[in-house]
$ cat entry_26.txt   # compact mmCIF, C-alpha atoms
# COMPACT_ATOMS: atom_id res chain seq x y z
CA MET J 1 13.81 30.65 -25.10
CA PHE J 2 17.14 31.57 -23.61
CA ILE J 3 19.22 29.04 -21.68
CA CYS J 4 22.12 29.82 -19.44
CA TYR J 5 24.12 26.90 -18.08
CA ILE J 6 26.42 27.11 -15.07
CA LEU J 7 28.58 24.14 -14.09
CA SER J 8 30.67 23.82 -10.98
CA SER J 9 33.63 22.11 -9.42
CA LEU J 10 35.25 23.01 -6.09
CA PHE J 11 36.10 26.55 -7.22
CA LEU J 12 34.25 26.76 -10.51
CA THR J 13 30.83 28.17 -11.32
CA ILE J 14 29.28 27.66 -14.75
CA ILE J 15 26.03 29.04 -16.16
CA LEU J 16 24.10 27.78 -19.17
CA LEU J 17 21.54 30.29 -20.34
CA ILE J 18 18.90 29.18 -22.89
CA SER J 19 16.37 31.27 -24.77
CA TYR J 20 13.08 30.23 -26.31
CA HIS J 21 11.68 31.86 -29.44
CA THR J 22 9.31 29.56 -31.27
CA TYR J 23 5.91 30.08 -29.72
CA LEU J 24 2.50 29.56 -31.28
CA ARG J 25 1.83 32.40 -33.75
CA ASN J 26 -1.47 31.01 -35.03
CA PRO J 27 -3.90 33.96 -35.39
CA SER J 28 -6.82 31.67 -34.54
CA TRP J 29 -5.26 31.00 -31.12
CA LEU J 30 -4.93 34.71 -30.49
CA ASP J 31 -8.58 35.29 -31.40
CA SER J 32 -9.69 32.42 -29.18
CA ALA J 33 -7.49 33.64 -26.35
CA LYS J 34 -9.12 37.06 -26.48
CA GLU J 35 -12.60 35.53 -26.59
CA ASN J 36 -11.84 33.40 -23.54
CA ASP J 37 -10.06 36.11 -21.53
CA ALA J 38 -6.73 34.30 -21.73
CA LEU J 39 -3.49 36.23 -21.29
CA ILE J 40 -2.37 36.93 -24.87
CA THR J 41 1.24 37.52 -23.78
CA ASP J 42 1.47 33.94 -22.47
CA PRO J 43 1.11 31.78 -25.59
CA PRO J 44 2.14 28.11 -25.73
CA LEU J 45 5.02 26.70 -27.74
CA SER J 46 4.44 25.77 -31.35
CA PRO J 47 4.92 22.14 -32.48
CA LEU J 48 8.34 23.18 -33.84
CA GLY J 49 9.15 24.75 -30.48
CA HIS J 50 8.43 21.44 -28.75
CA ARG J 51 10.75 19.60 -31.14
CA GLN J 52 13.50 22.16 -30.54
CA ALA J 53 13.02 21.82 -26.78
CA HIS J 54 13.59 18.04 -26.96
CA GLU J 55 16.64 18.48 -29.20
CA THR J 56 18.09 21.04 -26.81
CA ALA J 57 17.46 18.77 -23.80
CA GLU J 58 19.31 15.93 -25.51
CA HIS J 59 22.24 18.24 -26.24
CA LEU J 60 22.34 19.53 -22.67
CA SER J 61 22.38 15.98 -21.33
CA LYS J 62 25.59 15.40 -23.28
CA ILE J 63 27.44 18.56 -22.29
CA THR J 64 26.55 18.23 -18.59
CA THR J 65 27.52 14.55 -18.27
CA ASN J 66 30.46 15.17 -15.95
CA ASN J 67 28.90 18.00 -13.94
CA GLU J 68 26.03 17.96 -11.49
CA VAL J 69 23.34 20.52 -12.29
CA HIS J 70 22.16 21.85 -8.94
CA GLN J 71 19.13 23.83 -10.07
CA ILE J 72 17.12 24.84 -13.11
CA LEU J 73 15.59 28.32 -12.97
CA VAL J 74 12.78 29.14 -15.40
CA SER J 75 10.89 32.26 -16.45
CA PRO J 76 7.22 32.09 -15.33
CA TYR J 77 5.85 32.20 -18.88
CA LEU J 78 4.19 29.10 -20.33
CA ARG J 79 6.33 28.77 -23.45
CA VAL J 80 9.52 28.84 -21.38
CA ILE J 81 8.19 26.28 -18.91
CA GLN J 82 7.27 24.02 -21.84
CA THR J 83 10.75 24.46 -23.30
CA ALA J 84 12.41 23.54 -20.00
CA CYS J 85 10.34 20.43 -19.22
CA PRO J 86 12.30 18.01 -21.46
CA THR J 87 15.56 19.16 -19.86
CA SER J 88 14.06 18.65 -16.39
CA ASN J 89 13.04 15.12 -17.40
CA VAL J 90 16.44 14.26 -18.85
CA LEU J 91 18.53 15.69 -16.00
CA GLY J 92 16.14 14.69 -13.22
CA VAL J 93 16.18 18.23 -11.81
CA PRO J 94 12.93 20.09 -10.98
CA LEU J 95 12.03 23.49 -12.40
CA ASN J 96 12.10 26.54 -10.13
CA ILE J 97 9.89 29.34 -11.41
CA GLU J 98 11.95 32.53 -11.20
CA TYR J 99 10.40 35.95 -11.79
CA GLY J 100 13.85 37.49 -12.09
CA LEU J 101 14.00 35.80 -15.53
CA ALA J 102 10.59 37.11 -16.70
CA GLU J 103 10.47 38.66 -20.14
CA ALA J 104 10.36 42.30 -21.22
CA HIS J 105 7.18 44.22 -20.31
CA ALA J 106 6.75 41.72 -17.49
CA THR J 107 3.48 42.10 -15.60
CA PRO J 108 3.96 41.78 -11.82
CA GLY J 109 1.41 40.36 -9.43
CA SER J 110 -1.10 37.57 -9.98
CA VAL J 111 -1.73 38.04 -13.72
CA LEU J 112 0.34 34.97 -14.60
CA PRO J 113 -0.56 31.61 -13.02
CA SER J 114 1.55 30.82 -9.96
CA ALA J 115 3.90 27.86 -9.67
CA LYS J 116 1.22 26.06 -7.65
CA ASP J 117 -1.32 26.77 -10.39
CA ARG J 118 1.05 25.40 -13.04
CA PHE J 119 2.10 22.33 -11.04
CA PRO J 120 -0.94 20.06 -11.82
CA TYR J 121 -0.16 20.42 -15.54
CA PHE J 122 3.65 20.48 -15.22
CA PRO J 123 4.73 18.14 -12.41
CA GLN J 124 8.36 19.02 -13.14
CA ILE J 125 7.75 22.32 -11.29
CA ASN J 126 8.90 22.74 -7.70
CA PRO J 127 5.94 24.67 -6.20
CA SER J 128 7.83 25.51 -2.98
CA HIS J 129 10.56 27.63 -4.63
CA SER J 130 10.56 31.28 -3.59
CA SER J 131 11.60 33.63 -6.40
CA LEU J 132 14.97 35.29 -5.86
CA LEU J 133 13.76 38.55 -7.42
CA ASN J 134 10.28 39.87 -8.10
CA VAL J 135 9.41 42.28 -10.88
CA GLN J 136 8.17 45.71 -9.90
CA PRO J 137 5.84 47.77 -12.14
CA THR J 138 7.18 51.09 -13.37
CA PRO J 139 4.81 53.92 -12.37
CA GLY J 140 2.77 55.10 -15.33
CA HIS J 141 3.68 52.17 -17.58
CA THR J 142 1.30 49.57 -18.97
CA CYS J 143 1.84 46.58 -21.25
CA PRO J 144 1.11 47.65 -24.85
CA LYS J 145 -0.65 44.33 -25.51
CA THR J 146 -2.69 43.84 -22.34
CA GLY J 147 -2.96 47.21 -20.62
CA HIS J 148 -1.73 45.73 -17.32
CA PRO J 149 0.81 47.71 -15.24
CA CYS J 150 4.27 46.54 -16.25
CA GLU J 151 7.99 47.09 -16.00
CA ALA J 152 9.37 49.66 -18.47
CA PHE J 153 11.47 48.30 -21.30
CA ALA J 154 14.34 48.49 -21.99
CA GLY J 155 15.74 50.58 -19.15
CA ARG J 156 14.11 49.02 -16.10
CA TYR J 157 14.38 45.53 -17.60
CA VAL J 158 18.14 45.91 -18.09
CA GLN J 159 18.54 47.22 -14.55
CA ARG J 160 16.61 44.21 -13.23
CA LEU J 161 18.86 41.78 -15.09
CA GLY J 162 21.90 43.54 -13.63
CA GLU J 163 20.50 43.10 -10.13
CA PHE J 164 19.64 39.48 -10.89
CA ALA J 165 23.20 38.78 -12.06
CA SER J 166 24.50 39.86 -8.64
CA ILE J 167 21.93 37.66 -6.88
CA LEU J 168 22.99 34.65 -8.96
CA GLU J 169 26.65 35.18 -8.09
CA ARG J 170 25.88 35.29 -4.37
CA THR J 171 23.33 32.48 -4.31
CA TYR J 172 24.98 29.90 -6.57
CA HIS J 173 28.69 30.47 -6.01
CA GLY J 174 30.48 27.22 -6.83
CA LYS J 175 27.34 25.54 -8.15
CA SER J 176 26.01 24.54 -11.55
CA ILE J 177 22.71 25.96 -12.80
CA VAL J 178 20.67 26.09 -15.98
CA LEU J 179 18.50 29.12 -16.71
CA PHE J 180 15.62 29.21 -19.20
CA SER J 181 14.48 32.67 -20.21
CA HIS J 182 13.86 34.97 -23.20
CA ALA J 183 16.03 36.44 -25.95
CA ALA J 184 16.33 39.82 -24.20
CA SER J 185 18.14 38.08 -21.37
CA VAL J 186 21.33 38.56 -23.35
CA ALA J 187 21.36 41.51 -20.92
CA LEU J 188 22.11 38.97 -18.17
CA VAL J 189 25.08 37.66 -20.17
CA ALA J 190 26.36 41.23 -20.56
CA ALA J 191 25.84 41.90 -16.83
CA LEU J 192 27.92 38.85 -15.85
CA LEU J 193 30.66 39.43 -18.43
CA LYS J 194 30.62 43.22 -17.85
CA CYS J 195 30.53 43.73 -21.58
CA SER J 196 28.51 45.64 -24.17
CA MET J 197 25.22 44.26 -25.47
CA ARG J 198 26.08 45.43 -28.99
CA GLN J 199 27.27 42.10 -30.37
CA LEU J 200 25.18 39.71 -28.25
CA LYS J 201 22.35 37.83 -29.94
CA PHE J 202 20.20 34.87 -28.94
CA ALA J 203 19.10 32.14 -31.35
CA PRO J 204 15.95 30.04 -30.76
CA CYS J 205 16.99 27.59 -28.02
CA GLY J 206 20.43 29.19 -28.08
CA ILE J 207 22.82 28.27 -25.27
CA TYR J 208 25.23 30.68 -23.60
CA HIS J 209 27.82 28.89 -21.48
CA LEU J 210 29.64 30.99 -18.87
CA GLU J 211 32.25 29.96 -16.32
CA ARG J 212 33.83 31.59 -13.30
CA ARG J 213 36.70 30.32 -11.12
CA ASN J 214 36.91 31.45 -7.51
CA GLU J 215 36.24 35.20 -7.39
CA GLY J 216 37.64 35.78 -10.87
CA LYS J 217 35.90 37.20 -13.89
CA TRP J 218 33.28 35.35 -15.88
CA THR J 219 34.45 33.88 -19.17
CA LEU J 220 32.35 33.00 -22.19
CA GLN J 221 32.75 29.35 -23.20
CA ARG J 222 29.93 29.18 -25.73
CA ASN J 223 27.98 31.81 -27.64
CA GLY J 224 24.21 31.42 -27.95
CA GLU J 225 23.79 33.19 -31.27
CA SER J 226 23.42 29.88 -33.16
CA ASN J 227 21.67 26.55 -32.54
CA GLU J 228 22.82 24.75 -35.69
CA GLU J 229 24.84 22.16 -33.76
CA TYR J 230 21.78 20.49 -32.20
CA VAL J 231 18.55 21.95 -33.68
CA LYS J 232 17.46 20.50 -37.01
CA GLU J 233 14.93 23.14 -38.06
CA ASN J 234 14.19 26.79 -37.37
CA SER J 235 11.07 28.78 -38.14
CA PRO J 236 11.40 31.45 -40.88
CA THR J 237 9.69 33.88 -38.47
CA THR J 238 12.33 33.52 -35.75
CA TYR J 239 15.96 34.63 -35.84
CA PRO J 240 18.83 35.47 -33.49
CA TRP J 241 17.69 38.54 -31.52
CA GLY J 242 19.69 41.25 -29.85
CA PHE J 243 19.37 44.78 -28.51
CA SER J 244 19.92 47.86 -30.65
CA GLN J 245 20.11 51.50 -29.63
CA LYS J 246 16.49 52.06 -30.65
CA HIS J 247 15.37 49.99 -27.66
CA PHE J 248 16.79 52.64 -25.29
CA ASN J 249 16.09 55.88 -27.18
CA GLU J 250 13.49 58.26 -25.84
CA GLU J 251 12.58 61.84 -26.55
CA GLU J 252 13.88 63.98 -23.72
CA GLY J 253 11.21 65.00 -21.28
CA LYS J 254 8.48 62.98 -22.96
CA PRO J 255 7.06 59.49 -22.34
CA PRO J 256 7.54 56.64 -22.81
CA TYR J 257 10.61 55.87 -20.73
CA HIS J 258 13.17 53.57 -22.39
CA GLY J 259 16.32 54.34 -20.42
CA SER J 260 18.45 56.81 -22.38
CA SER J 261 17.44 59.69 -20.08
CA GLU J 262 19.20 57.84 -17.23
CA GLY J 263 22.25 56.79 -19.21
CA ILE J 264 21.07 53.22 -19.82
CA ASP J 265 22.27 52.06 -23.23
CA LEU J 266 24.00 49.20 -25.02
CA ASP J 267 27.17 49.76 -22.97
CA TYR J 268 25.42 49.97 -19.60
CA PHE J 269 27.31 46.97 -18.17
CA VAL J 270 30.75 47.89 -19.52
CA GLU J 271 33.03 48.42 -16.55
CA LYS J 272 34.20 52.00 -16.38
CA GLU J 273 37.79 52.87 -15.53
CA GLY J 274 38.29 52.86 -11.79
CA GLU J 275 35.19 50.82 -11.02
CA SER J 276 35.72 47.83 -8.74
CA GLU J 277 34.70 44.35 -9.77
CA MET J 278 31.44 42.87 -8.51
$ encode --input "entry_26.txt" --output "structure tokens"
Amino acid sequence: MFICYILSSLFLTIILLISYHTYLRNPSWLDSAKENDALITDPPLSPLGHRQAHETAEHLSKITTNNEVHQILVSPYLRVIQTACPTSNVLGVPLNIEYGLAEAHATPGSVLPSAKDRFPYFPQINPSHSSLLNVQPTPGHTCPKTGHPCEAFAGRYVQRLGEFASILERTYHGKSIVLFSHAASVALVAALLKCSMRQLKFAPCGIYHLERRNEGKWTLQRNGESNEEYVKENSPTTYPWGFSQKHFNEEEGKPPYHGSSEGIDLDYFVEKEGESEM
């Protein structure tokens, strides 16, 4: 899970971005999910993931003591919702399901349960929230695990996070928000900071803390590559994740699309000379 936290004062906007990682990897669950026609790309958190979620919530309650959190935006996937629930309980702020934060290879449409479908099981969810950005399938692309039409990764995903960064700036100017998403959403950090993705990594329940004053540039207050300050245990199968060039490489003129044919790479968000600020 990826968490982005934004705090605000009169002229200050702060984002806390949090990523999840530790989901249930039990092969028996996967077999049962297939037998019962469950969506195999929407697994629940593991017991360790639940413990990390509570530890992260406790930490967030401390670092947001003097700042009102206006909204919590959450990826529509089950494991991210489960990660965000303890924070919602501690801060007393409902969860807004946001498709703009959906993970890589996101499947648009009604494949995932809606916020209203989730609400009876997760009363922390605000079922009336309208997503700020909806994922669009890339023509000719299907999820390698489910076969459903999906958004192409990494190129279209990175473009979506760039668009979502602009929406956040317009919608929550001067406000404090917490975002729960996935490790690949380090692309959102890069989009806000206008920096390369080369050195950005997300730890399980890592927290990126970004601030912006007035119309100035975003500044990084905390890096989310480690969770050692507040998480007691990590799974040996999870680790800080980040993009590499292989995620964008494609053979010219041949599928699948990954982005390099359109100039999308690790430095996609780096501001070029002469470009105006967002």
$ residues_around --input "entry_26.txt" --residues "Tyr239 in chain J" --least-positions-apart "5" --cutoff "9 Å" --atoms "all atoms listed in the file" --output "VMD selection string"
chain J and resid 21 202 to 204 234
$ residues_near_point --input "entry_26.txt" --point "(9.4, 28.8, -23.7)" --cutoff "7 Å" --atoms "only C-alpha atoms" --output "ChimeraX atom specification"
/J:1,20-21,45,77-83
$ closest_residue --input "entry_26.txt" --among "J:Ile40, J:Val158, J:Ala187, J:Ile63" --to "Pro144 in chain J" --atoms "all atoms listed in the file"
J:Ile40
$ residues_around --input "entry_26.txt" --residues "Thr41 in chain J" --least-positions-apart "5" --cutoff "12 Å" --atoms "only C-alpha atoms" --output "PyMOL selection string"
chain J and resi 23-25+29-30+33-34+76-79+102-107+111-112+143-148
$ write_last_selection --input "entry_26.txt" --atoms "C-alpha atoms" --output "short mmCIF file (atom, residue, chain, number, x, y, z; two decimals), in the coordinates of the input"
data_model
loop_
_atom_site.label_atom_id
_atom_site.label_comp_id
_atom_site.auth_asym_id
_atom_site.auth_seq_id
_atom_site.Cartn_x
_atom_site.Cartn_y
_atom_site.Cartn_z
CA TYR J 23 5.91 30.08 -29.72
CA LEU J 24 2.50 29.56 -31.28
CA ARG J 25 1.83 32.40 -33.75
CA TRP J 29 -5.26 31.00 -31.12
CA LEU J 30 -4.93 34.71 -30.49
CA ALA J 33 -7.49 33.64 -26.35
CA LYS J 34 -9.12 37.06 -26.48
CA PRO J 76 7.22 32.09 -15.33
CA TYR J 77 5.85 32.20 -18.88
CA LEU J 78 4.19 29.10 -20.33
CA ARG J 79 6.33 28.77 -23.45
CA ALA J 102 10.59 37.11 -16.70
CA GLU J 103 10.47 38.66 -20.14
CA ALA J 104 10.36 42.30 -21.22
CA HIS J 105 7.18 44.22 -20.31
CA ALA J 106 6.75 41.72 -17.49
CA THR J 107 3.48 42.10 -15.60
CA VAL J 111 -1.73 38.04 -13.72
CA LEU J 112 0.34 34.97 -14.60
CA CYS J 143 1.84 46.58 -21.25
CA PRO J 144 1.11 47.65 -24.85
CA LYS J 145 -0.65 44.33 -25.51
CA THR J 146 -2.69 43.84 -22.34
CA GLY J 147 -2.96 47.21 -20.62
CA HIS J 148 -1.73 45.73 -17.32
#
$ residues_around --input "entry_26.txt" --residues "Pro113 in chain J" --least-positions-apart "3" --cutoff "12 Å" --atoms "all atoms listed in the file" --output "number ranges by chain"
J: 38-39, 42, 75-78, 81, 97, 99, 107-110, 116-121, 127
$ closest_residue --input "entry_26.txt" --among "J:Pro236, J:Thr87, J:Tyr257, J:Gly155" --to "His141 in chain J" --atoms "all atoms listed in the file"
J:Tyr257
$ atom_distance --input "entry_26.txt" --atom1 "CA of Ser128 in chain J" --atom2 "CA of Val189 in chain J"
27.2 Å
$ closest_residue --input "entry_26.txt" --among "J:Gly100, J:Pro139, J:Pro240, J:Gly49" --to "Gly162 in chain J" --atoms "only C-alpha atoms"
J:Gly100
$ residues_around --input "entry_26.txt" --residues "Leu73 in chain J" --least-positions-apart "2" --cutoff "7 Å" --atoms "all atoms listed in the file" --output "PyMOL selection string"
chain J and resi 71+95-98+178-180
$ residues_near_point --input "entry_26.txt" --point "(15.9, 56.1, -26.0)" --cutoff "12 Å" --atoms "all atoms listed in the file" --output "ChimeraX atom specification"
/J:152-155,244-266
$ residues_around --input "entry_26.txt" --residues "Ile177 in chain J" --least-positions-apart "5" --cutoff "12 Å" --atoms "all atoms listed in the file" --output "number ranges by chain"
J: 3-8, 12-18, 60, 64, 67-74, 88, 91, 93-96, 168-169, 171-172, 209-211
$ closest_atom_pairs --input "entry_26.txt" --of "range 37-101 of chain J" --to "range 213-231 of chain J" --cutoff "12 Å" --atoms "all atoms listed in the file" --output "JSON lines"
{"residue": "J:Leu48", "atom": "CA", "partner": "J:Val231", "partner_atom": "CA", "distance": 10.3}
{"residue": "J:Gly49", "atom": "CA", "partner": "J:Val231", "partner_atom": "CA", "distance": 10.3}
{"residue": "J:His50", "atom": "CA", "partner": "J:Val231", "partner_atom": "CA", "distance": 11.3}
{"residue": "J:Arg51", "atom": "CA", "partner": "J:Val231", "partner_atom": "CA", "distance": 8.5}
{"residue": "J:Gln52", "atom": "CA", "partner": "J:Val231", "partner_atom": "CA", "distance": 6.0}
{"residue": "J:Ala53", "atom": "CA", "partner": "J:Val231", "partner_atom": "CA", "distance": 8.8}
{"residue": "J:His54", "atom": "CA", "partner": "J:Val231", "partner_atom": "CA", "distance": 9.2}
{"residue": "J:Glu55", "atom": "CA", "partner": "J:Val231", "partner_atom": "CA", "distance": 6.0}
{"residue": "J:Thr56", "atom": "CA", "partner": "J:Tyr230", "partner_atom": "CA", "distance": 6.6}
{"residue": "J:Ala57", "atom": "CA", "partner": "J:Tyr230", "partner_atom": "CA", "distance": 9.6}
{"residue": "J:Glu58", "atom": "CA", "partner": "J:Tyr230", "partner_atom": "CA", "distance": 8.5}
{"residue": "J:His59", "atom": "CA", "partner": "J:Tyr230", "partner_atom": "CA", "distance": 6.4}
{"residue": "J:Leu60", "atom": "CA", "partner": "J:Tyr230", "partner_atom": "CA", "distance": 9.6}
{"residue": "J:Ser61", "atom": "CA", "partner": "J:Tyr230", "partner_atom": "CA", "distance": 11.8}
{"residue": "J:Lys62", "atom": "CA", "partner": "J:Tyr230", "partner_atom": "CA", "distance": 11.0}
{"residue": "J:Ile63", "atom": "CA", "partner": "J:Arg222", "partner_atom": "CA", "distance": 11.4}
$ atom_distance --input "entry_26.txt" --atom1 "CA of Thr65 in chain J" --atom2 "CA of Lys175 in chain J"
14.9 Å
$ atom_distance --input "entry_26.txt" --atom1 "CA of Lys201 in chain J" --atom2 "CA of Pro43 in chain J"
22.5 Å
$ closest_residue --input "entry_26.txt" --among "J:Ser235, J:Leu193, J:Leu133, J:Phe122" --to "Ser46 in chain J" --atoms "all atoms listed in the file"
J:Ser235
